[in-house]
>>> print(open('input31.txt').read())   # compact mmCIF, C-alpha atoms and all ligand atoms
# COMPACT_ATOMS: atom_id res chain seq x y z
CA MET A 18 -48.87 -34.59 25.38
CA SER A 19 -48.02 -36.55 22.39
CA VAL A 20 -47.05 -35.25 18.97
CA ASN A 21 -48.30 -37.12 16.03
CA ARG A 22 -46.31 -37.55 12.87
CA ARG A 23 -48.18 -34.82 11.01
CA GLN A 24 -47.63 -32.22 13.74
CA PHE A 25 -43.97 -33.11 14.02
CA LEU A 26 -43.35 -32.58 10.30
CA LYS A 27 -45.20 -29.26 10.32
CA ARG A 28 -43.20 -27.90 13.23
CA ALA A 29 -39.90 -29.14 11.85
CA GLY A 30 -40.74 -27.50 8.53
CA ALA A 31 -41.54 -24.18 10.20
CA LEU A 32 -38.27 -24.25 12.15
CA THR A 33 -36.25 -24.99 9.01
CA ALA A 34 -37.88 -22.10 7.18
CA LEU A 35 -37.01 -19.80 10.10
CA GLY A 36 -33.41 -20.93 10.09
CA LEU A 37 -33.01 -20.42 6.35
CA GLY A 38 -34.62 -17.01 6.56
CA GLY A 39 -32.27 -16.00 9.32
CA SER A 40 -29.21 -16.69 7.23
CA PHE A 41 -30.35 -14.17 4.64
CA VAL A 42 -30.16 -11.34 7.13
CA LEU A 43 -27.17 -9.24 6.13
CA THR A 44 -24.20 -9.80 8.32
CA GLY A 45 -21.11 -7.71 8.71
CA ILE A 46 -20.63 -4.03 8.69
CA ARG A 47 -22.36 -3.21 5.43
CA GLY A 48 -25.58 -4.50 6.87
CA LYS A 49 -25.12 -2.61 10.11
CA ILE A 50 -24.48 0.68 8.36
CA ALA A 51 -27.33 0.20 5.94
CA ASP A 52 -29.76 -0.47 8.76
CA ALA A 53 -28.93 2.59 10.80
CA ALA A 54 -27.99 5.16 8.22
CA SER A 55 -30.03 7.83 6.57
CA GLN A 56 -27.90 7.40 3.44
CA THR A 57 -25.72 4.52 2.32
CA PRO A 58 -22.03 5.34 2.60
CA SER A 59 -20.10 5.27 -0.63
CA TYR A 60 -16.60 5.62 -2.00
CA GLN A 61 -15.29 8.12 -4.50
CA LYS A 62 -12.12 9.10 -6.26
CA GLN A 63 -10.35 12.38 -5.47
CA LYS A 64 -11.82 15.16 -7.59
CA GLN A 65 -8.49 16.73 -8.45
CA GLY A 66 -6.95 13.40 -9.52
CA LEU A 67 -5.39 12.94 -12.95
CA VAL A 68 -7.20 10.35 -15.03
CA ALA A 69 -6.29 8.44 -18.15
CA LYS A 70 -7.26 5.32 -20.00
CA HIS A 71 -3.72 4.09 -20.38
CA TRP A 72 -0.85 5.77 -18.57
CA ALA A 73 2.42 5.57 -20.42
CA MET A 74 5.92 6.97 -20.13
CA VAL A 75 8.40 8.10 -22.75
CA VAL A 76 12.08 8.20 -21.81
CA ASP A 77 13.83 10.79 -23.93
CA MET A 78 17.38 9.53 -24.03
CA SER A 79 18.77 12.84 -25.24
CA LYS A 80 17.90 14.43 -21.89
CA PHE A 81 19.99 12.03 -19.84
CA LYS A 82 23.50 13.19 -20.46
CA THR A 83 25.23 13.34 -17.14
CA GLU A 84 25.36 11.20 -14.05
CA GLU A 85 23.60 14.07 -12.26
CA ASP A 86 20.58 13.91 -14.58
CA ILE A 87 20.13 10.28 -13.70
CA GLU A 88 20.85 10.46 -10.00
CA ARG A 89 18.42 13.35 -9.54
CA VAL A 90 15.61 11.32 -11.06
CA ILE A 91 16.39 8.17 -9.05
CA GLN A 92 16.67 10.19 -5.84
CA SER A 93 13.29 11.83 -6.38
CA CYS A 94 11.61 8.43 -6.38
CA ASP A 95 13.70 6.92 -3.58
CA THR A 96 13.10 9.71 -1.10
CA ILE A 97 9.34 10.03 -1.39
CA HIS A 98 8.73 6.28 -1.50
CA ASN A 99 10.84 5.35 1.52
CA ILE A 100 13.16 3.11 -0.45
CA PRO A 101 15.84 1.61 1.77
CA ASP A 102 19.53 1.51 0.96
CA PHE A 103 21.11 -1.70 2.23
CA GLY A 104 24.45 -0.83 0.70
CA ASN A 105 24.69 -4.08 -1.27
CA LYS A 106 23.40 -5.33 -4.62
CA LYS A 107 21.97 -8.55 -3.24
CA ASP A 108 19.32 -6.94 -1.05
CA GLU A 109 18.82 -3.89 -3.24
CA ILE A 110 15.31 -2.43 -3.55
CA LYS A 111 14.85 -0.50 -6.76
CA TRP A 112 11.85 1.18 -8.34
CA ILE A 113 13.78 3.16 -10.94
CA TRP A 114 17.37 2.54 -11.86
CA LYS A 115 19.82 2.68 -14.75
CA ASP A 116 21.53 0.10 -16.89
CA ASP A 117 23.42 0.09 -20.17
CA PHE A 118 21.92 -0.59 -23.58
CA GLU A 119 22.95 -4.22 -23.84
CA HIS A 120 21.31 -5.16 -20.57
CA THR A 121 18.24 -3.07 -21.19
CA PHE A 122 17.59 -4.24 -24.73
CA THR A 123 19.06 -7.71 -24.58
CA GLU A 124 17.46 -8.80 -27.85
CA SER A 125 18.92 -6.05 -29.99
CA LYS A 126 22.58 -6.64 -29.32
CA ASN A 127 24.41 -5.11 -32.23
CA GLU A 128 28.14 -5.29 -32.49
CA TYR A 129 28.31 -2.19 -34.69
CA LEU A 130 26.58 -0.02 -32.12
CA THR A 131 28.31 3.29 -31.81
CA GLU A 132 30.43 3.49 -28.71
CA ASN A 133 28.45 6.31 -27.16
CA PHE A 134 25.26 4.31 -27.54
CA LYS A 135 26.83 1.38 -25.76
CA GLU A 136 27.82 3.62 -22.90
CA LEU A 137 24.48 5.37 -22.64
CA PRO A 138 22.72 4.65 -19.41
CA PHE A 139 19.02 3.84 -19.75
CA MET A 140 16.44 4.67 -17.11
CA ILE A 141 14.52 1.57 -16.18
CA MET A 142 11.37 1.06 -14.16
CA CYS A 143 8.34 -1.21 -14.18
CA ASN A 144 6.85 -1.14 -17.68
CA HIS A 145 3.24 -1.37 -16.51
CA CYS A 146 2.77 -3.95 -19.22
CA GLU A 147 -0.54 -4.15 -20.99
CA ASN A 148 -0.31 -7.91 -20.71
CA PRO A 149 1.56 -8.33 -17.43
CA PRO A 150 2.91 -11.81 -16.65
CA CYS A 151 3.49 -10.78 -13.02
CA VAL A 152 -0.25 -10.37 -12.52
CA LYS A 153 -0.95 -13.81 -13.96
CA ALA A 154 1.61 -15.38 -11.67
CA CYS A 155 0.40 -13.80 -8.46
CA PRO A 156 -1.72 -16.28 -6.48
CA THR A 157 -3.19 -13.73 -4.07
CA GLY A 158 -4.17 -10.77 -6.21
CA ALA A 159 -1.52 -8.71 -4.44
CA THR A 160 -0.32 -7.53 -7.81
CA PHE A 161 -3.07 -6.53 -10.19
CA LYS A 162 -3.81 -4.32 -13.15
CA ARG A 163 -6.09 -1.36 -12.56
CA ALA A 164 -8.90 -1.70 -15.05
CA ASP A 165 -9.45 2.03 -15.52
CA ASP A 166 -5.93 3.30 -16.20
CA GLY A 167 -3.73 0.27 -16.82
CA ILE A 168 -1.39 0.79 -13.88
CA VAL A 169 0.02 -2.44 -12.48
CA MET A 170 -0.40 -2.00 -8.75
CA MET A 171 0.83 -3.67 -5.60
CA ASP A 172 -1.28 -4.34 -2.54
CA TYR A 173 1.33 -4.98 0.13
CA HIS A 174 -1.38 -6.04 2.56
CA ARG A 175 -2.01 -9.11 0.44
CA CYS A 176 1.50 -10.03 -0.59
CA ILE A 177 2.66 -13.32 0.91
CA GLY A 178 6.20 -13.03 -0.41
CA CYS A 179 6.07 -16.08 -2.67
CA ARG A 180 8.01 -14.15 -5.35
CA PHE A 181 6.24 -15.86 -8.26
CA CYS A 182 5.81 -12.40 -9.76
CA MET A 183 9.56 -11.82 -9.69
CA GLY A 184 10.14 -15.00 -11.62
CA ALA A 185 7.44 -14.04 -14.09
CA CYS A 186 8.56 -10.46 -14.78
CA PRO A 187 11.06 -10.52 -17.66
CA PHE A 188 12.33 -7.05 -16.78
CA GLY A 189 13.61 -7.47 -13.24
CA ALA A 190 11.29 -4.67 -12.21
CA ARG A 191 10.42 -6.16 -8.82
CA SER A 192 12.39 -6.24 -5.61
CA PHE A 193 11.90 -8.40 -2.57
CA ASN A 194 12.40 -7.26 1.02
CA TYR A 195 14.75 -9.90 2.32
CA ARG A 196 15.34 -7.81 5.42
CA ASP A 197 13.40 -5.29 7.46
CA PRO A 198 13.77 -2.14 5.33
CA LYS A 199 12.91 0.41 8.00
CA PRO A 200 16.29 0.85 9.68
CA HIS A 201 17.85 1.40 6.25
CA ILE A 202 15.68 4.28 5.13
CA LYS A 203 17.59 7.55 5.45
CA THR A 204 14.65 9.79 6.28
CA ILE A 205 11.20 8.33 6.45
CA ASN A 206 8.53 10.25 4.55
CA PRO A 207 5.63 9.97 7.01
CA ASP A 208 3.02 10.46 4.28
CA PHE A 209 3.96 7.29 2.44
CA PRO A 210 3.90 3.81 3.98
CA THR A 211 7.10 1.83 4.36
CA ARG A 212 7.14 -1.89 3.66
CA THR A 213 7.93 -4.87 5.84
CA ILE A 214 10.20 -7.84 5.47
CA GLY A 215 8.76 -10.46 3.12
CA VAL A 216 6.87 -8.35 0.58
CA VAL A 217 7.64 -7.49 -3.03
CA GLU A 218 7.62 -3.90 -4.24
CA LYS A 219 8.06 -1.92 -7.46
CA CYS A 220 7.25 1.34 -9.23
CA THR A 221 3.54 2.17 -9.10
CA PHE A 222 3.57 5.11 -11.55
CA CYS A 223 3.08 7.23 -8.44
CA VAL A 224 -0.63 6.48 -8.01
CA GLU A 225 -0.55 8.43 -4.75
CA ARG A 226 0.55 11.55 -6.65
CA LEU A 227 -1.78 11.06 -9.60
CA GLU A 228 -4.75 11.10 -7.27
CA LYS A 229 -3.60 14.46 -5.94
CA GLY A 230 -3.38 15.82 -9.47
CA LEU A 231 0.41 15.59 -9.65
CA LYS A 232 2.62 13.89 -12.23
CA PRO A 233 5.01 11.19 -11.02
CA ALA A 234 7.97 12.40 -8.99
CA CYS A 235 10.57 11.16 -11.46
CA VAL A 236 8.81 12.99 -14.29
CA GLU A 237 8.91 16.22 -12.34
CA ALA A 238 12.57 15.78 -11.48
CA SER A 239 13.62 14.81 -15.00
CA LYS A 240 13.35 18.30 -16.54
CA GLY A 241 11.62 16.92 -19.62
CA GLY A 242 13.57 13.67 -19.85
CA LEU A 243 10.56 11.63 -18.83
CA ILE A 244 7.24 12.36 -20.46
CA PHE A 245 4.10 10.95 -18.90
CA GLY A 246 0.60 10.88 -20.30
CA ASP A 247 -2.39 9.04 -21.66
CA LEU A 248 -1.54 6.80 -24.57
CA ASP A 249 -5.20 6.50 -25.50
CA ASP A 250 -5.54 10.25 -25.90
CA THR A 251 -4.51 11.19 -29.46
CA ASN A 252 -3.63 14.71 -28.33
CA SER A 253 -1.35 13.74 -25.48
CA GLU A 254 2.35 14.42 -25.75
CA VAL A 255 3.29 10.77 -25.25
CA ARG A 256 0.95 9.67 -28.01
CA LYS A 257 2.31 12.29 -30.40
CA ILE A 258 5.90 11.28 -29.73
CA ILE A 259 5.21 7.57 -30.03
CA SER A 260 3.25 7.89 -33.24
CA SER A 261 5.66 10.29 -34.93
CA LYS A 262 9.15 9.37 -33.76
CA PHE A 263 11.26 6.28 -33.48
CA THR A 264 10.81 4.68 -30.08
CA ILE A 265 11.72 1.25 -28.79
CA ARG A 266 10.42 -0.85 -25.95
CA ARG A 267 12.20 -3.42 -23.86
CA LYS A 268 11.84 -7.01 -25.01
CA SER A 269 8.79 -6.25 -27.09
CA GLU A 270 9.11 -9.69 -28.72
CA LEU A 271 7.82 -11.24 -25.48
CA GLY A 272 4.42 -9.71 -26.07
CA THR A 273 3.95 -8.14 -22.65
CA GLN A 274 3.31 -4.76 -24.32
CA PRO A 275 5.32 -2.42 -22.10
CA SER A 276 3.94 1.07 -21.52
CA VAL A 277 7.41 2.58 -21.19
CA TYR A 278 8.87 3.77 -24.49
CA TYR A 279 12.44 4.85 -25.18
CA LEU A 280 12.93 7.71 -27.55
CA VAL A 281 16.37 7.24 -29.04
CA GLY A 282 18.01 9.90 -31.13
CA GLY A 283 15.30 12.31 -30.03
CA GLU A 284 17.56 15.29 -30.53
CA GLU A 285 17.98 14.96 -34.29
CA SER A 286 14.33 14.44 -35.04
CA VAL A 287 13.01 17.42 -33.09
CA MET B 18 1.73 -20.85 75.56
CA HIS B 19 4.69 -18.54 75.50
CA LYS B 20 5.20 -19.24 71.78
CA GLY B 21 1.62 -18.23 70.81
CA GLY B 22 2.50 -14.55 70.44
CA ARG B 23 5.31 -15.34 68.03
CA ILE B 24 3.14 -17.61 65.96
CA ILE B 25 0.47 -14.97 65.70
CA ALA B 26 3.01 -12.27 64.87
CA SER B 27 4.57 -14.47 62.17
CA LEU B 28 1.16 -15.20 60.75
CA ILE B 29 0.36 -11.51 60.54
CA ILE B 30 3.66 -10.77 58.82
CA PHE B 31 3.12 -13.68 56.45
CA VAL B 32 -0.38 -12.62 55.53
CA GLY B 33 0.86 -9.05 55.14
CA LEU B 34 3.65 -10.05 52.74
CA PHE B 35 1.34 -12.33 50.84
CA THR B 36 -1.20 -9.62 50.19
CA ILE B 37 1.24 -6.82 49.28
CA PRO B 38 0.52 -7.14 45.53
CA PHE B 39 -3.17 -6.88 46.22
CA PHE B 40 -2.84 -3.69 48.27
CA TYR B 41 -0.23 -2.32 45.91
CA ASN B 42 -2.53 -2.59 42.92
CA MET B 43 -5.68 -1.60 44.75
CA GLY B 44 -7.63 0.94 42.74
CA LYS B 45 -5.23 0.74 39.79
CA ALA B 46 -6.36 -2.37 38.00
CA ASN B 47 -9.45 -0.85 36.47
CA ALA B 48 -8.10 2.59 35.73
CA GLY B 49 -8.91 2.09 32.02
CA PRO B 50 -7.32 3.80 29.02
CA GLU B 51 -6.86 7.56 29.01
CA ILE B 52 -9.38 8.62 26.46
CA ASP B 53 -9.97 12.19 25.49
CA ALA B 54 -13.72 12.70 25.17
CA GLN B 55 -13.33 15.11 22.27
CA GLN B 56 -11.13 12.70 20.35
CA LEU B 57 -13.58 9.90 20.99
CA ALA B 58 -16.38 12.07 19.64
CA ASN B 59 -14.33 12.91 16.54
CA PHE B 60 -13.58 9.25 16.06
CA GLN B 61 -17.25 8.32 16.36
CA SER B 62 -18.22 11.05 13.88
CA ILE B 63 -16.31 9.25 11.10
CA GLU B 64 -19.31 6.98 10.75
CA PRO B 65 -22.10 7.96 13.14
CA SER B 66 -24.36 5.09 12.13
CA ILE B 67 -22.17 2.38 13.65
CA ASN B 68 -20.37 1.95 16.92
CA MET B 69 -16.90 2.98 15.81
CA VAL B 70 -15.10 1.54 18.82
CA ALA B 71 -16.50 -1.90 18.09
CA ASN B 72 -16.53 -1.81 14.29
CA HIS B 73 -13.65 0.34 13.12
CA PRO B 74 -11.43 -2.64 12.19
CA GLN B 75 -14.02 -3.83 9.67
CA LEU B 76 -14.59 -0.32 8.36
CA PHE B 77 -10.86 0.26 7.96
CA ASN B 78 -10.46 -3.05 6.14
CA GLN B 79 -13.12 -1.89 3.72
CA TRP B 80 -11.33 1.44 3.34
CA ARG B 81 -8.08 -0.34 2.62
CA ASN B 82 -9.57 -2.51 -0.11
CA GLN B 83 -11.39 0.37 -1.75
CA PHE B 84 -8.30 2.55 -1.60
CA VAL B 85 -5.72 0.10 -2.87
CA GLN B 86 -7.75 -2.13 -5.14
CA ASN B 87 -10.18 0.38 -6.64
CA GLY B 88 -8.37 3.69 -6.21
CA GLN B 89 -11.41 5.06 -4.35
CA THR B 90 -9.73 7.20 -1.76
CA VAL B 91 -12.65 9.24 -0.43
CA TYR B 92 -15.22 7.83 1.97
CA VAL B 93 -18.63 9.49 1.98
CA ASN B 94 -20.24 8.59 5.27
CA SER B 95 -23.89 8.05 6.09
CA GLU B 96 -24.34 11.77 6.68
CA GLY B 97 -22.87 12.70 3.32
CA LYS B 98 -19.57 13.93 4.76
CA SER B 99 -16.48 13.22 2.64
CA ILE B 100 -13.46 11.88 4.45
CA ASP B 101 -10.03 11.33 2.90
CA ILE B 102 -9.06 7.74 3.56
CA SER B 103 -5.71 7.93 5.30
CA LEU B 104 -4.39 6.23 8.36
CA GLU B 105 -1.77 8.95 8.60
CA LYS B 106 -4.34 11.75 8.66
CA LEU B 107 -6.54 9.83 11.05
CA ALA B 108 -3.73 9.58 13.54
CA GLY B 109 -3.43 13.35 13.43
CA ASP B 110 -0.46 14.94 15.08
CA SER B 111 1.98 12.59 16.70
CA SER B 112 1.07 13.63 20.22
CA ASN B 113 -2.30 12.02 19.61
CA GLN B 114 -2.31 9.03 21.90
CA PHE B 115 -5.93 8.16 21.37
CA CYS B 116 -5.41 4.97 19.35
CA VAL B 117 -2.37 3.88 21.31
CA SER B 118 -3.82 4.18 24.79
CA CYS B 119 -6.90 2.17 23.94
CA HIS B 120 -4.99 -0.51 22.07
CA ASN B 121 -2.48 -0.81 24.86
CA TYR B 122 -5.21 -1.18 27.43
CA THR B 123 -6.95 -3.92 25.49
CA ALA B 124 -3.63 -5.50 24.48
CA VAL B 125 -4.57 -5.29 20.80
CA LYS B 126 -1.56 -4.92 18.53
CA PRO B 127 -2.68 -4.12 14.99
CA THR B 128 0.02 -4.30 12.32
CA CYS B 129 -1.11 -1.08 10.60
CA TRP B 130 1.74 0.94 12.05
CA ASP B 131 4.39 -1.51 10.89
CA CYS B 132 4.22 0.42 7.63
CA HIS B 133 2.01 3.48 8.13
CA SER B 134 3.32 6.26 10.26
CA GLY B 135 1.18 6.56 13.33
CA PRO B 136 1.04 8.27 16.67
CA GLU B 137 4.23 8.18 18.64
CA GLY B 138 4.64 4.95 20.57
CA ALA B 139 2.25 3.10 18.28
CA ARG B 140 4.88 0.70 17.11
CA LYS B 141 5.84 -0.46 20.58
S1 LIG A 301 7.53 -4.75 -16.04
FE1 LIG A 301 7.42 -6.64 -14.86
S2 LIG A 301 6.48 -6.00 -12.94
FE2 LIG A 301 6.07 -4.38 -14.39
S3 LIG A 301 4.05 -4.91 -15.27
FE3 LIG A 301 5.62 -5.76 -16.64
S4 LIG A 301 5.86 -7.85 -15.91
FE4 LIG A 301 4.85 -6.76 -14.27
S1 LIG A 302 5.37 -12.16 -3.96
FE1 LIG A 302 3.48 -11.07 -3.45
S2 LIG A 302 2.95 -9.90 -5.30
FE2 LIG A 302 4.49 -11.45 -5.90
S3 LIG A 302 3.31 -13.18 -6.62
FE3 LIG A 302 3.69 -13.58 -4.44
S4 LIG A 302 1.92 -12.67 -3.39
FE4 LIG A 302 1.90 -11.88 -5.48
S1 LIG A 303 6.63 6.74 -11.63
FE1 LIG A 303 6.79 7.18 -9.45
S2 LIG A 303 7.12 5.17 -8.54
FE2 LIG A 303 7.59 4.95 -10.71
S3 LIG A 303 9.79 5.33 -10.87
FE3 LIG A 303 8.76 7.29 -11.22
S4 LIG A 303 8.75 8.24 -9.19
FE4 LIG A 303 9.15 6.07 -8.88
>>> encode(input="input31.txt", output="structure tokens", more="lines below")
Ligand code: SF4
Ligand code: SF4
Ligand code: SF4
Amino acid sequence: MSVNRRQFLKRAGALTALGLGGSFVLTGIRGKIADAASQTPSYQKQKQGLVAKHWAMVVDMSKFKTEEDIERVIQSCDTIHNIPDFGNKKDEIKWIWKDDFEHTFTESKNEYLTENFKELPFMIMCNHCENPPCVKACPTGATFKRADDGIVMMDYHRCIGCRFCMGACPFGARSFNYRDPKPHIKTINPDFPTRTIGVVEKCTFCVERLEKGLKPACVEASKGGLIFGDLDDTNSEVRKIISSKFTIRRKSELGTQPSVYYLVGGEESV
Amino acid sequence: MHKGGRIIASLIIFVGLFTIPFFYNMGKANAGPEIDAQQLANFQSIEPSINMVANHPQLFNQWRNQFVQNGQTVYVNSEGKSIDISLEKLAGDSSNQFCVSCHNYTAVKPTCWDCHSGPEGARK
């Protein structure tokens, strides 16, 4: 049988329409679930989780007097987050650590600083900047800012270890796993993931605790030295401190808008 | 013809040696993974509307993205049941060899347990 030109075009047209239609059929798992299910699956947040518009931290310097005060706070973070100890500065992984005034507030070097101020150790962690350069630098979205509460998060699954974020962060808040961290973790906390060689990590404001309704581990361990709360809530303790007392932020002239505030001379003003 | 017997005997020995691996493995090759029926049922009940054995990698990828990127850590399945998203909880107690035995059998080595604690032997 022969097909004339008209018939050929008709059939070809019908086939094309079929093919196009076929590609609209949902593929992947969403489609499969939607087809079979009585109700579409969904995702929710934990009901008991703490929520805020803008999480912020105040470091009350008057509460960090002894080496013990500082070590206790650092330890609390290190143990629950499976932070390895390589025993050398070069490979060090740090989420919260201490440094002296001059290194913490490089811009405000003041030669008439009182001696005790110069010696004071400052607690340092990721500032969860409102305008985070690390997020802009990250090519994969592995570091991102949570839209609802302002926490700058890490997705280790996505991190390719390019370390652009480390170059972009002006605060040295990020550490890179140059070596496999696992053998160097004293006791592994099975409830928290470890990391692998080749990813960057940093403080996450304890998102895994916030969703359980708990404050960050360092805050709990600090006996009032670290105050954590919602900066957008006018009744929160952090907001009250920041709006009524003298606080400073690290390198505020860079415009990253850190969410970690240092309350200096807190004792006198209380 | 007095060498015929020897030739035949040698042949039999040769064929015997040659087929030892075959007889040795007879009945073993298709033994399959040791799967506990109850655990399989629990696993399937996570999302009854899909075949979990075939589709759990995609589902878990979705879980991961929702959990890490959006902070949505509870999965409400097609029957309205809420499940805490957690690889650690999923693995249950460390004697639970459900995931490991199946993955070993199919020679699938997911990287999940490089970081997340899993059933004992999962990292091997
Ligand atoms: S302190 Fe550094 S790592 Fe943390 S949000 Fe700011 S730029 Fe990013
Ligand atoms: S090292 Fe990881 S988090 Fe940092 S910029 Fe590269 S991909 Fe992003
Ligand atoms: S907020 Fe959590 S992650 Fe950040 S330093 Fe404190 S304990 Fe560590």
>>> closest_atom_pairs(input="input31.txt", of="chain A", to="ligand LIG 302 (chain A)", cutoff="10 Å", atoms="only C-alpha atoms and all ligand atoms", output="CSV")
residue,atom,partner,partner_atom,distance
A:Cys151,CA,A:LIG302,S3,6.8
A:Val152,CA,A:LIG302,S3,7.4
A:Lys153,CA,A:LIG302,S3,8.5
A:Ala154,CA,A:LIG302,S3,5.8
A:Cys155,CA,A:LIG302,S3,3.5
A:Pro156,CA,A:LIG302,FE4,5.8
A:Thr157,CA,A:LIG302,S4,5.3
A:Gly158,CA,A:LIG302,FE4,6.2
A:Ala159,CA,A:LIG302,S2,4.7
A:Thr160,CA,A:LIG302,S2,4.8
A:Phe161,CA,A:LIG302,S2,8.5
A:Met170,CA,A:LIG302,S2,9.2
A:Met171,CA,A:LIG302,S2,6.6
A:Asp172,CA,A:LIG302,S2,7.5
A:Tyr173,CA,A:LIG302,FE1,7.4
A:His174,CA,A:LIG302,FE1,9.2
A:Arg175,CA,A:LIG302,S4,6.5
A:Cys176,CA,A:LIG302,FE1,3.6
A:Ile177,CA,A:LIG302,S4,4.4
A:Gly178,CA,A:LIG302,S1,3.7
A:Cys179,CA,A:LIG302,FE3,3.9
A:Arg180,CA,A:LIG302,S1,3.6
A:Phe181,CA,A:LIG302,S3,4.3
A:Cys182,CA,A:LIG302,S3,4.1
A:Met183,CA,A:LIG302,FE2,6.3
A:Gly184,CA,A:LIG302,S3,8.7
A:Ala185,CA,A:LIG302,S3,8.6
A:Cys186,CA,A:LIG302,FE2,9.8
A:Arg191,CA,A:LIG302,FE2,8.5
A:Ser192,CA,A:LIG302,S1,9.3
A:Phe193,CA,A:LIG302,S1,7.7
A:Asn194,CA,A:LIG302,S1,9.9
A:Gly215,CA,A:LIG302,S1,8.0
A:Val216,CA,A:LIG302,FE1,5.9
A:Val217,CA,A:LIG302,S1,5.3
A:Glu218,CA,A:LIG302,S2,7.7
A:Lys219,CA,A:LIG302,S2,9.7
>>> closest_atom_pairs(input="input31.txt", of="segment 133-240 of chain A", to="segment 273-277 of chain A", cutoff="8 Å", atoms="all atoms listed in the file", output="CSV")
residue,atom,partner,partner_atom,distance
A:Asn144,CA,A:Pro275,CA,4.8
A:His145,CA,A:Ser276,CA,5.6
A:Cys146,CA,A:Pro275,CA,4.1
A:Glu147,CA,A:Gln274,CA,5.1
A:Asn148,CA,A:Thr273,CA,4.7
A:Pro149,CA,A:Thr273,CA,5.7
A:Pro150,CA,A:Thr273,CA,7.1
>>> closest_atom_pairs(input="input31.txt", of="chain A", to="ligand LIG 303 (chain A)", cutoff="7 Å", atoms="all atoms listed in the file", output="Markdown table")
| residue | atom | partner | partner_atom | distance |
| --- | --- | --- | --- | --- |
| A:Ser93 | CA | A:LIG303 | S4 | 6.4 |
| A:Cys94 | CA | A:LIG303 | S4 | 4.0 |
| A:Trp112 | CA | A:LIG303 | S3 | 5.3 |
| A:Ile113 | CA | A:LIG303 | S3 | 4.5 |
| A:Met142 | CA | A:LIG303 | S3 | 5.6 |
| A:Cys220 | CA | A:LIG303 | S2 | 3.9 |
| A:Thr221 | CA | A:LIG303 | S2 | 4.7 |
| A:Phe222 | CA | A:LIG303 | S1 | 3.5 |
| A:Cys223 | CA | A:LIG303 | FE1 | 3.8 |
| A:Pro233 | CA | A:LIG303 | FE1 | 4.7 |
| A:Ala234 | CA | A:LIG303 | S4 | 4.2 |
| A:Cys235 | CA | A:LIG303 | S4 | 4.1 |
| A:Val236 | CA | A:LIG303 | FE3 | 6.5 |
>>> atom_distance(input="input31.txt", atom1="atom CA of Phe118 of chain A", atom2="atom FE4 of ligand LIG 301 (chain A)")
20.4 Å
>>> closest_residue(input="input31.txt", among="A:Glu136, A:Asp250, A:Asp116, A:Asp197", to="Ile214 of chain A", atoms="only C-alpha atoms")
A:Asp197
>>> closest_residue(input="input31.txt", among="A:Leu231, A:Ile168, A:Glu270, A:Ile259", to="ligand LIG 301 (chain A)", atoms="only C-alpha atoms and all ligand atoms")
A:Ile168
>>> axis_aligned_box(input="input31.txt", around="segment 107-118 of chain A", padding_each_side="3 Å", output="JSON")
{"center_x": 17.6, "center_y": -2.7, "center_z": -12.3, "size_x": 17.6, "size_y": 17.7, "size_z": 28.5}
>>> closest_residue(input="input31.txt", among="A:Lys229, A:Lys62, A:Arg267, A:Lys82", to="ligand LIG 301 (chain A)", atoms="only C-alpha atoms and all ligand atoms")
A:Arg267
>>> residues_around(input="input31.txt", residues="segment 198-206 of chain A", least_positions_apart="4", cutoff="8 Å", atoms="only C-alpha atoms", output="list of chain:residue names")
A:Thr96, A:Ile97, A:His98, A:Asn99, A:Ile100, A:Pro101, A:Asp102, A:Phe103, A:Asn194, A:Pro210, A:Thr211, A:Arg212, A:Thr213, A:Ile214
>>> write_last_selection(input="input31.txt", atoms="C-alpha atoms", output="mmCIF file, keeping the file's coordinate frame")
data_model
loop_
_atom_site.group_PDB
_atom_site.id
_atom_site.type_symbol
_atom_site.label_atom_id
_atom_site.label_comp_id
_atom_site.auth_asym_id
_atom_site.auth_seq_id
_atom_site.Cartn_x
_atom_site.Cartn_y
_atom_site.Cartn_z
ATOM 1 C CA THR A 96 13.100 9.710 -1.100
ATOM 2 C CA ILE A 97 9.340 10.030 -1.390
ATOM 3 C CA HIS A 98 8.730 6.280 -1.500
ATOM 4 C CA ASN A 99 10.840 5.350 1.520
ATOM 5 C CA ILE A 100 13.160 3.110 -0.450
ATOM 6 C CA PRO A 101 15.840 1.610 1.770
ATOM 7 C CA ASP A 102 19.530 1.510 0.960
ATOM 8 C CA PHE A 103 21.110 -1.700 2.230
ATOM 9 C CA ASN A 194 12.400 -7.260 1.020
ATOM 10 C CA PRO A 210 3.900 3.810 3.980
ATOM 11 C CA THR A 211 7.100 1.830 4.360
ATOM 12 C CA ARG A 212 7.140 -1.890 3.660
ATOM 13 C CA THR A 213 7.930 -4.870 5.840
ATOM 14 C CA ILE A 214 10.200 -7.840 5.470
#
>>> atom_distance(input="input31.txt", atom1="atom CA of Glu85 of chain A", atom2="atom CA of Pro138 of chain A")
11.9 Å
>>> residues_near_point(input="input31.txt", point="(10.3, 10.9, -22.6)", cutoff="12 Å", atoms="all atoms listed in the file", output="number ranges by chain")
A: 73-81, 139-140, 235-237, 239-246, 254-259, 262-265, 276-284
>>> atom_distance(input="input31.txt", atom1="atom CA of Met69 of chain B", atom2="atom CA of Asp208 of chain A")
24.2 Å
>>> interface_residues(input="input31.txt", of="chain B", to="chain A", cutoff="8 Å", atoms="all atoms listed in the file", output="MDAnalysis selection string")
chainID B and resid 66:67 72 75:76 83 85:97 105 131:134
>>> closest_residue(input="input31.txt", among="B:Cys119, B:Trp130, B:Val125, B:Ile25", to="Gly49 of chain B", atoms="all atoms listed in the file")
B:Cys119
>>> closest_residue(input="input31.txt", among="B:Thr36, B:Asn78, B:Thr123, B:Ser99", to="Glu64 of chain B", atoms="only C-alpha atoms")
B:Ser99
